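Below is one structure; the comments refer to it alone.
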4 protein chains.
Amino acid sequence: MKKNLRVSIFGGTGYTGVELIRLLLSHPYVEIYQITSRKDKGKRVDEIYPSFRGILDNLFVSPEDADLKNVDLVFFATPNGIAMNYADDLISKGKKVIDLAADFRIKDKSVWEKWYGMRHKSPNLIDEAVYGLPEINRDSIKKSQLIANPGCYPTAIQLALIPLLEKKLINPSNIIADAKSGISGAGKNPELKLLMSEAEEDFKAYGIGGHRHLPEIEENLTKVCGENVTLTFVPHLVPMVRGIFATLYVECIKDFKAQDIFNSFYVNEPFVDIMNADVCPNTKSVRASNFCRISFHKEENSNRLIIFSVIDNLMKGAAGQAIQNMNIMMDYPETSGISHIPINP
Amino acid sequence: MKKNLRVSIFGGTGYTGVELIRLLLSHPYVEIYQITSRKDKGKRVDEIYPSFRGILDNLFVSPEDADLKNVDLVFFATPNGIAMNYADDLISKGKKVIDLAADFRIKDKSVWEKWYGMRHKSPNLIDEAVYGLPEINRDSIKKSQLIANPGCYPTAIQLALIPLLEKKLINPSNIIADAKSGISGAGKNPELKLLMSEAEEDFKAYGIGGHRHLPEIEENLTKVCGENVTLTFVPHLVPMVRGIFATLYVECIKDFKAQDIFNSFYVNEPFVDIMNADVCPNTKSVRASNFCRISFHKEENSNRLIIFSVIDNLMKGAAGQAIQNMNIMMDYPETSGISHIPINP
Amino acid sequence: MKKNLRVSIFGGTGYTGVELIRLLLSHPYVEIYQITSRKDKGKRVDEIYPSFRGILDNLFVSPEDADLKNVDLVFFATPNGIAMNYADDLISKGKKVIDLAADFRIKDKSVWEKWYGMRHKSPNLIDEAVYGLPEINRDSIKKSQLIANPGCYPTAIQLALIPLLEKKLINPSNIIADAKSGISGAGKNPELKLLMSEAEEDFKAYGIGGHRHLPEIEENLTKVCGENVTLTFVPHLVPMVRGIFATLYVECIKDFKAQDIFNSFYVNEPFVDIMNADVCPNTKSVRASNFCRISFHKEENSNRLIIFSVIDNLMKGAAGQAIQNMNIMMDYPETSGISHIPINP
Amino acid sequence: MKKNLRVSIFGGTGYTGVELIRLLLSHPYVEIYQITSRKDKGKRVDEIYPSFRGILDNLFVSPEDADLKNVDLVFFATPNGIAMNYADDLISKGKKVIDLAADFRIKDKSVWEKWYGMRHKSPNLIDEAVYGLPEINRDSIKKSQLIANPGCYPTAIQLALIPLLEKKLINPSNIIADAKSGISGAGKNPELKLLMSEAEEDFKAYGIGGHRHLPEIEENLTKVCGENVTLTFVPHLVPMVRGIFATLYVECIKDFKAQDIFNSFYVNEPFVDIMNADVCPNTKSVRASNFCRISFHKEENSNRLIIFSVIDNLMKGAAGQAIQNMNIMMDYPETSGISHIPINP
């Protein structure tokens, strides 16, 4: 177990970046070696984020000036299409890489290129990359050098479906995911639609024509299930900052006790909480924590099962899960640095 | 056309009551004759609601002291189970009654009594009452003395489904209504779960075991459709004050152009706005107005249609629709007093 | 009284522009002749603002393409520095102009140029322009062709101070205005600090080194008072969309009854509501309305008087007041088109 | 240094109680021995607060059933007037007591009884109690058995004023504290005015006639200053959950550099952050942390100094400070269990 792991954070000014910094500053085995930002290079991090005043002395460095030799692990909290430019070099130097963006989330290169609208720069690494959902891929993560950290919607949705799909208990081609996200999921981007004057006291669906998280979910669920899984996925924007709530409608094709299935699947998982049937989880119960809470309701007189899954999009949906992956890769206790209790109220 | 219609508002301190007052104060043909409140009797209305300062001089009167002789029409913005105690007397005196609560929304008395947990006091009036959804029942409303004003969820959901169900274009037993409501829908009640400290920055489902609006929806859709309609209905609470957003998942059983169906069904409706396919409505676009906006998305390679429907729960979902019903009953122009343009931002 | 007044709105995509459109659409004597937007020219207004769907057919026109010949009155809801380029031409053609920005708010040209960082393009018109605070300048407004519509903070603050300053009841050089504004006051600008993820659940002061509304307030109060008035003015940003709350701390230099002074000063004003001492106004009680509510508290054992003043920044603080000015200029009833009752909840 | 300190929390269902639980669960030296709640006795804590699911097994016990023998320290997160019934007994048994309510905050019993409207039950302990503002009373806290934990407003306001008052740099009878608080400061009480439908998108002052925190502030500042200090204190309610922002207006009576005074006064304080002049703090920069950030602005051409002070009302304003006091009393490192980095966004 390596103490004083030196990590770099690429893209330290976005919301997943700043959350990584917050978590890593309290991590018992990690030293934040450098934080990059093209836009804010040369500025103190705590000038941009006064929440770090008195805690962090770093300046943002330009990505070009990043010292990639003396680090052990690099987090990419950058936009899509950045990590793939650096990964080859880092991997070949023996560094570990965790990409919080989408560059390595999809194994089918042509699907990826279609949805992300660019050519993939490191196609050779796609197969090597491990999809970093610890509850499913813990063993592969442990041995991997390159982690594709899952998207926020995919985390909430897959954790709710996998126990059922893996056992072929539900129809894999009749699944609806009506998902709702707080606005921080849209990132720290100066867009009109993200203004408080626009978004507060408003609720809407978006990405109706197709959301990039759909192929990620379908590909991974298909792999787990062993047969083709397709979803109807409708994301909505909630006038709040943090949190994802997924309401899933599935068709049971066998008789089973959902409570038992979920309980036994996640019995040893430190971050997945299975609640009793009909007790609905709420996003605030996981706010600023790495927990996922799941509950469900079986309709009487029908074969429909409704599943509820909540996470904090910046924690289990991004930075928290990235650190969970790091802990597994480094053989640290899996909850190190991410055992925060949800903030309430 | 009777000018200076004298109306009473029973239950003037709740959110539907205060919205009725706001709307009726600007209505060209109405005089607010009295406003009742058991809790606040004797107080000035503008002491409880300073938004009416300088506009309204009324005191709240106790319901017992209400003068029911000299009014023409009574709105009940009271809890469930109140209007049914007064309706018989009022109807027999030739008064008109609009109940914004649920007393007359369901024709099947035993269903009503089961869901509302009380005995119905005016079973003789249940059949006479007209379900006040003007887009469907305009002619009956015109002739009626007693209107059951629909619930907020039922309004948003039924307006989105009726054009399809009426033409038997979708499977009536495979409908999912994933509905989201602002918190004013829960009323002005001093409950912990409604506190801002609890509800802000939180999203959750509720009423999973069954919501009272479900039998109302099913009964009315069944009537319109001519065959049995059943729904999966999951309501959610959004951290905002006003607005309902319904996401509906239905199974097409015929080939049809949804755009044409919706456009032609609502072509003459002053308050229903059919948007183009794939343009998603948002709750803010109807805030503080009587509009309902509907859009939809047809999935490729599947027979699933997704429909979106938004209203302001206190307007088209309550007080606005009640006044629309009054206008129809009184042969006033249907938009009188409720032609407000949505507030934005 | 001219019916069918043709008005143009320059700058129809900002929040004061969209509020002007909303109000003018229901105004009994006005026809919206054209709406300009450089950024959105050629697009339908209701495409950018779906709240106008079904109500407004206009396209945005480029300011260059605006027909200035056939209009009677032009509102400038543009950034500072635009109206001054058009005013001369419009005035000379006999048109009326109401500028909702700051171009003509300050009589001292050098002060204006210092605070707004640009040369004034129509210095000849500065003296002619009337400061459009109807409660003070109604007679001049009636005769004017060019109105400088006051800022939002200045409206709330001046209405609270003028009755006392005019009678020389308070020390004009010991006034503190601790003012709080909803975020729509910052406009519809794609800036990081205005994102919901940044602004929600946050409270802060800003403009500490000096806010442009300060010289506007001081110059006008000095004029009213007849002696030099100076203020300490600290604006704060509130995590809400609409509303201004000003808390004013003044030093009484004479014995007087504040209630009487305020009551008699505003006795005939349709939009100023003087509340009883010690009953505090709240911003929600004026939301989406043109009212200003004022209350106060006299400290025991000291000569300090605390005054509270609330307005809706987009209504009495911008578009509502602009239309009030238009009504006065055109000899329409002063409340035409702006008698909206506050929205609650 | 005693490891495994056994603590009881009286009043575990309010917001300061639940925050104490959250913090103590991660405290390295503390065992939560019992949590009382009259209302929820017998229920699991994590049933009322699902944020503790998987972390905390305790049931709420009735205060009558609390085992006061085997605990080392008791926190009272109860309403005012409770701790004073238990303190005598606990103190005599050698236990330590920290009251987060007001029972021992004011030394002048008659002042206390007037403001809190009840007779004091333990007048003998009033003198013994130490006012738990560590930055001022650290030495006394260390030796004390009974701590009166300061109110939230008093903490923010006093930390901003003490460095100046202690050196007699400002006029002690010309101080204005315009303070703003998030709504969690009003507690978890089912009151109409605290509903989200009421409080969201609203801003108001309250307690104009006098707030209980005023005598607490004045008494303590008078003690520090050595001469009579009086304040104008106007609290306001902000539509957010957490955070206090105090804007202070003071009159300088000497020439001094505020930056130097503040910097040197707080140079060794772990939780007080002095920012540069004219850089305004914001409440989000301290959210869910124990920090207080202070900045200031000196007016040109006047002797007025404006000071800004922000805290999280549930942390430095309540539970965080209570644990800071406990750490000092127990000789633990002062930041143990309360070194959380602010949550952002």
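Ligands are numbered from 1 in the order shown, chains are lettered A, B, ... in the order of the structure tokens, and residues start at 1 in each chain.
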
Excluding range 159-166 of chain C and any residue of its chain fewer than 6 positions from it, enumerate the residues within 10 Å of it, using only C-alpha atoms, and give them as a VMD selection string.
chain C and resid 133 135 to 136 172 175 220 to 227 229 246 to 248 250 252 256 258 261 to 266 272 274 292 to 296 307 to 310

Counting only C-alpha atoms, a student should be able to say which residues of chain B come within 6 Å of chain A; what is the right answer, written as a list in words?
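Residues satisfying the distance criterion: Ser197, Glu201, Asp202, Phe203, Lys204, Met240, Asn282, Thr283, Lys284 and Pro345 of chain B.
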
Contact residues around range 313-317 of chain C with only C-alpha atoms at 7 Å, ignoring same-chain residues under 4 positions, as a VMD selection string:
chain C and resid 16 19 151 to 152 155 185 242 to 244 288 to 291 321

Name the residues in contact with Ala322 in chain C at a cut-off of 9 Å, using only C-alpha atoms, excluding same-chain residues fewer than 3 positions from it; report them as a PyMOL selection string.
chain C and resi 20+75+98-100+132+147-150+315-319+325-327

I need the residues in range 19-48 of chain A that are strand (DSSP E) according to DSSP; give them as a PyMOL selection string.
chain A and resi 30-36

With a distance cut-off of 6 Å and only C-alpha atoms, select the neighbouring residues of Glu31 in chain D, excluding the residue or stretch itself and same-chain residues fewer than 5 positions from it, and output the selection as a short mmCIF file (atom, residue, chain, number, x, y, z; two decimals) with N, CA and C atoms, in the first residue's frame.
```cif
data_model
loop_
_atom_site.label_atom_id
_atom_site.label_comp_id
_atom_site.auth_asym_id
_atom_site.auth_seq_id
_atom_site.Cartn_x
_atom_site.Cartn_y
_atom_site.Cartn_z
N ASN D 4 -12.67 7.79 23.59
CA ASN D 4 -13.99 7.23 23.80
C ASN D 4 -14.81 7.99 24.83
N LEU D 5 -14.87 9.27 24.63
CA LEU D 5 -15.74 10.11 25.43
C LEU D 5 -17.19 9.74 25.12
N ARG D 6 -17.93 9.49 26.16
CA ARG D 6 -19.34 9.14 25.96
C ARG D 6 -20.21 10.38 26.02
#
```
